[in-house]
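Worksheet for the structure shown next.
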Amino acid sequence: MLCLSVLVPGGYTVNPSVMEITHVYAKLRSEFGRQCLFSDRPEEVMVDIQPEPSLASQFILKTRKDQGLQACRDMSEHQVNTERFESNSCGMNHVEGGWPKDINPKDVEQTIRFRKKVEKEENYIISLQHLGSVMEHCIKQNNAIDIYQQYFEEYEELEESSELPSAKTINILRYI
């Protein structure tokens with residue numbers, strides 16, 4: 001257990017009541033840089049400094065002494081048997097779901113009418129805009145790539161299409 005004060009340099013914070021150490025990252029994952037790829041290789045001598053004979057007379061041999069230290073008080077761990085809690089795991093298989101009780105999911109006309117009605121609501125537009133910003137945030141987190149690596153070298157370049165890219169909503173599932 002490491003005992004530290006409330007604020008420690010380097011962004012670490014400590015809750016003194018439970019001695020919980022946390023670190024808050026102020027950077028996005030894409031700003032950390034490239035991943036370190038370590039590999040095993042044989043040792044290599046970079047510098048070999050020979051001892052100086054004139055300083056050998058000043059060398060003092062000290063006896064060894066081993067002593068253990070701890071910077072905080074001793075704490076112990078303890079286990080207790082508690083009452084048994086019985087739980088049950090259950091699930092549901094959704095083939096077609098999320099429809100109100102008065103809508104028959106097998107009737108295509110009813111489902112189309114209900115979808116159009118929901119798409120005209122103000123809450124639907126607001127929730128779509130919110131989900132779009134959340135999705136964009138997640139996509140930006142996953143865009144941490146190496147800009148110097150050549151991706152897709154083996155593929156040929158295709159001719160550019162004059163058609164503008166587009167997206168279309170095919171299905172909306174709303175769980176109530």
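Simple scheme: letters A, B, ... for chains in structure tokens order, numbers from 1 for residues in each chain, numbers from 1 for ligands in the order shown.
By only C-alpha atoms, and with residues fewer than 5 positions from Leu28 in chain A along its chain excluded, the set lying at most 12 Å from it is Gly33, His137, Cys138, Lys140, Gln141, Asn142, Asn143 and Ala144 of chain A.
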Selection above as a file: N, CA, C and O atoms, as an mmCIF file, in the first residue's frame:
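Produced file again-v8.cif, reproduced below:
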```cif
data_model
loop_
_atom_site.group_PDB
_atom_site.id
_atom_site.type_symbol
_atom_site.label_atom_id
_atom_site.label_comp_id
_atom_site.auth_asym_id
_atom_site.auth_seq_id
_atom_site.Cartn_x
_atom_site.Cartn_y
_atom_site.Cartn_z
ATOM 1 N N GLY A 33 0.874 9.324 -29.255
ATOM 2 C CA GLY A 33 1.956 8.956 -30.167
ATOM 3 C C GLY A 33 1.892 7.492 -30.542
ATOM 4 O O GLY A 33 0.929 6.797 -30.255
ATOM 5 N N HIS A 137 -17.463 11.358 -31.937
ATOM 6 C CA HIS A 137 -16.424 11.289 -30.901
ATOM 7 C C HIS A 137 -15.761 9.906 -30.887
ATOM 8 O O HIS A 137 -14.531 9.794 -30.822
ATOM 9 N N CYS A 138 -16.570 8.845 -30.968
ATOM 10 C CA CYS A 138 -16.026 7.482 -30.960
ATOM 11 C C CYS A 138 -15.177 7.219 -32.203
ATOM 12 O O CYS A 138 -14.138 6.571 -32.134
ATOM 13 N N LYS A 140 -13.510 9.462 -33.935
ATOM 14 C CA LYS A 140 -12.256 10.217 -33.819
ATOM 15 C C LYS A 140 -11.278 9.522 -32.875
ATOM 16 O O LYS A 140 -10.074 9.620 -33.055
ATOM 17 N N GLN A 141 -11.786 8.828 -31.854
ATOM 18 C CA GLN A 141 -10.901 8.078 -30.965
ATOM 19 C C GLN A 141 -10.226 6.934 -31.702
ATOM 20 O O GLN A 141 -9.091 6.587 -31.417
ATOM 21 N N ASN A 142 -10.908 6.336 -32.654
ATOM 22 C CA ASN A 142 -10.366 5.198 -33.379
ATOM 23 C C ASN A 142 -9.509 5.604 -34.570
ATOM 24 O O ASN A 142 -9.000 4.758 -35.285
ATOM 25 N N ASN A 143 -9.361 6.893 -34.823
ATOM 26 C CA ASN A 143 -8.591 7.350 -35.971
ATOM 27 C C ASN A 143 -7.128 7.599 -35.644
ATOM 28 O O ASN A 143 -6.455 8.355 -36.318
ATOM 29 N N ALA A 144 -6.612 6.987 -34.599
ATOM 30 C CA ALA A 144 -5.194 7.135 -34.259
ATOM 31 C C ALA A 144 -4.400 6.168 -35.134
ATOM 32 O O ALA A 144 -4.262 5.004 -34.823
#
```
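Counting from CA of Ser133 in chain A, the distance to CA of Arg34 in chain A is 26.2 Å.
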message: Please report the interatomic distance between CA of Arg115 in chain A and CA of His130 in chain A in Å with one decimal.
response: 19.3 Å
message: For Ile172 in chain A, find every residue with an atom within 10 Å (counting only C-alpha atoms), except residues of its own chain fewer than 2 positions away, and show them as a list in words.
response: Gly98, Arg115, Val118, Glu119, Thr169, Ile170, Arg174 and Tyr175 of chain A
Can I get the selection written as a PDB file, in the first residue's frame, with all heavy atoms?
```
ATOM      1  N   GLY A  98     -39.646  -3.443 -29.843  1.00  0.00           N
ATOM      2  CA  GLY A  98     -39.669  -2.009 -29.645  1.00  0.00           C
ATOM      3  C   GLY A  98     -40.929  -1.342 -30.144  1.00  0.00           C
ATOM      4  O   GLY A  98     -41.012  -0.124 -30.156  1.00  0.00           O
ATOM      5  N   ARG A 115     -43.518   4.799 -38.042  1.00  0.00           N
ATOM      6  CA  ARG A 115     -42.166   5.338 -38.263  1.00  0.00           C
ATOM      7  C   ARG A 115     -42.228   6.793 -38.715  1.00  0.00           C
ATOM      8  O   ARG A 115     -41.455   7.636 -38.256  1.00  0.00           O
ATOM      9  CB  ARG A 115     -41.430   4.505 -39.307  1.00  0.00           C
ATOM     10  CG  ARG A 115     -40.881   3.220 -38.774  1.00  0.00           C
ATOM     11  CD  ARG A 115     -40.031   2.528 -39.822  1.00  0.00           C
ATOM     12  NE  ARG A 115     -39.634   1.222 -39.342  1.00  0.00           N
ATOM     13  CZ  ARG A 115     -39.643   0.128 -40.067  1.00  0.00           C
ATOM     14  NH1 ARG A 115     -40.021   0.178 -41.327  1.00  0.00           N
ATOM     15  NH2 ARG A 115     -39.272  -1.005 -39.549  1.00  0.00           N
ATOM     16  N   VAL A 118     -43.090   9.014 -35.768  1.00  0.00           N
ATOM     17  CA  VAL A 118     -41.960   9.187 -34.843  1.00  0.00           C
ATOM     18  C   VAL A 118     -40.905  10.097 -35.447  1.00  0.00           C
ATOM     19  O   VAL A 118     -40.306  10.930 -34.759  1.00  0.00           O
ATOM     20  CB  VAL A 118     -41.362   7.811 -34.465  1.00  0.00           C
ATOM     21  CG1 VAL A 118     -40.041   7.960 -33.735  1.00  0.00           C
ATOM     22  CG2 VAL A 118     -42.337   7.030 -33.618  1.00  0.00           C
ATOM     23  N   GLU A 119     -40.648   9.976 -36.749  1.00  0.00           N
ATOM     24  CA  GLU A 119     -39.616  10.791 -37.395  1.00  0.00           C
ATOM     25  C   GLU A 119     -39.975  12.270 -37.420  1.00  0.00           C
ATOM     26  O   GLU A 119     -39.098  13.115 -37.523  1.00  0.00           O
ATOM     27  CB  GLU A 119     -39.372  10.288 -38.815  1.00  0.00           C
ATOM     28  CG  GLU A 119     -38.630   8.968 -38.859  1.00  0.00           C
ATOM     29  CD  GLU A 119     -38.515   8.400 -40.268  1.00  0.00           C
ATOM     30  OE1 GLU A 119     -38.987   9.040 -41.225  1.00  0.00           O
ATOM     31  OE2 GLU A 119     -37.951   7.303 -40.396  1.00  0.00           O
ATOM     32  N   THR A 169     -31.293   6.715 -43.972  1.00  0.00           N
ATOM     33  CA  THR A 169     -31.775   5.947 -42.825  1.00  0.00           C
ATOM     34  C   THR A 169     -32.664   4.829 -43.333  1.00  0.00           C
ATOM     35  O   THR A 169     -33.649   5.079 -44.030  1.00  0.00           O
ATOM     36  CB  THR A 169     -32.568   6.850 -41.863  1.00  0.00           C
ATOM     37  OG1 THR A 169     -31.740   7.927 -41.473  1.00  0.00           O
ATOM     38  CG2 THR A 169     -33.011   6.076 -40.646  1.00  0.00           C
ATOM     39  N   ILE A 170     -32.319   3.602 -42.996  1.00  0.00           N
ATOM     40  CA  ILE A 170     -33.088   2.446 -43.455  1.00  0.00           C
ATOM     41  C   ILE A 170     -34.076   2.002 -42.394  1.00  0.00           C
ATOM     42  O   ILE A 170     -35.233   1.737 -42.680  1.00  0.00           O
ATOM     43  CB  ILE A 170     -32.142   1.288 -43.830  1.00  0.00           C
ATOM     44  CG1 ILE A 170     -31.276   1.707 -45.007  1.00  0.00           C
ATOM     45  CG2 ILE A 170     -32.937   0.035 -44.161  1.00  0.00           C
ATOM     46  CD1 ILE A 170     -30.222   0.711 -45.366  1.00  0.00           C
ATOM     47  N   ARG A 174     -36.731   1.840 -31.758  1.00  0.00           N
ATOM     48  CA  ARG A 174     -36.892   2.623 -30.551  1.00  0.00           C
ATOM     49  C   ARG A 174     -37.474   1.737 -29.477  1.00  0.00           C
ATOM     50  O   ARG A 174     -38.544   1.165 -29.641  1.00  0.00           O
ATOM     51  CB  ARG A 174     -37.804   3.802 -30.823  1.00  0.00           C
ATOM     52  CG  ARG A 174     -37.891   4.743 -29.666  1.00  0.00           C
ATOM     53  CD  ARG A 174     -38.671   5.955 -30.056  1.00  0.00           C
ATOM     54  NE  ARG A 174     -38.618   6.917 -28.979  1.00  0.00           N
ATOM     55  CZ  ARG A 174     -39.348   7.983 -28.943  1.00  0.00           C
ATOM     56  NH1 ARG A 174     -40.178   8.247 -29.923  1.00  0.00           N
ATOM     57  NH2 ARG A 174     -39.252   8.821 -27.943  1.00  0.00           N
ATOM     58  N   TYR A 175     -36.772   1.595 -28.377  1.00  0.00           N
ATOM     59  CA  TYR A 175     -37.233   0.774 -27.270  1.00  0.00           C
ATOM     60  C   TYR A 175     -37.887   1.647 -26.231  1.00  0.00           C
ATOM     61  O   TYR A 175     -37.311   2.618 -25.786  1.00  0.00           O
ATOM     62  CB  TYR A 175     -36.064  -0.010 -26.657  1.00  0.00           C
ATOM     63  CG  TYR A 175     -35.528  -1.041 -27.589  1.00  0.00           C
ATOM     64  CD1 TYR A 175     -34.429  -0.763 -28.402  1.00  0.00           C
ATOM     65  CD2 TYR A 175     -36.118  -2.266 -27.698  1.00  0.00           C
ATOM     66  CE1 TYR A 175     -33.948  -1.690 -29.270  1.00  0.00           C
ATOM     67  CE2 TYR A 175     -35.633  -3.222 -28.573  1.00  0.00           C
ATOM     68  CZ  TYR A 175     -34.547  -2.928 -29.362  1.00  0.00           C
ATOM     69  OH  TYR A 175     -34.069  -3.867 -30.225  1.00  0.00           O
TER      70      TYR A 175
END
```
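CA of Asn104 in chain A is found 26.8 Å from CA of Ile126 in chain A.
Nearest-residue note for Trp99 in chain A: choosing from A:Ser39, A:Gln150, A:Thr82, A:Thr111, the minimum distance belongs to A:Thr111, counting only C-alpha atoms.
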- request: Go through range 8-169 of chain A and collect every residue that DSSP, computed from the backbone, puts in alpha helix (DSSP H); the answer should be as JSON, numbers by chain.
  value: {"A": [108, 109, 110, 111, 112, 113, 114, 115, 116, 117, 118, 119, 122, 123, 124, 125, 126, 127, 128, 129, 130, 131, 132, 133, 134, 135, 136, 137, 138, 139, 140, 141]}
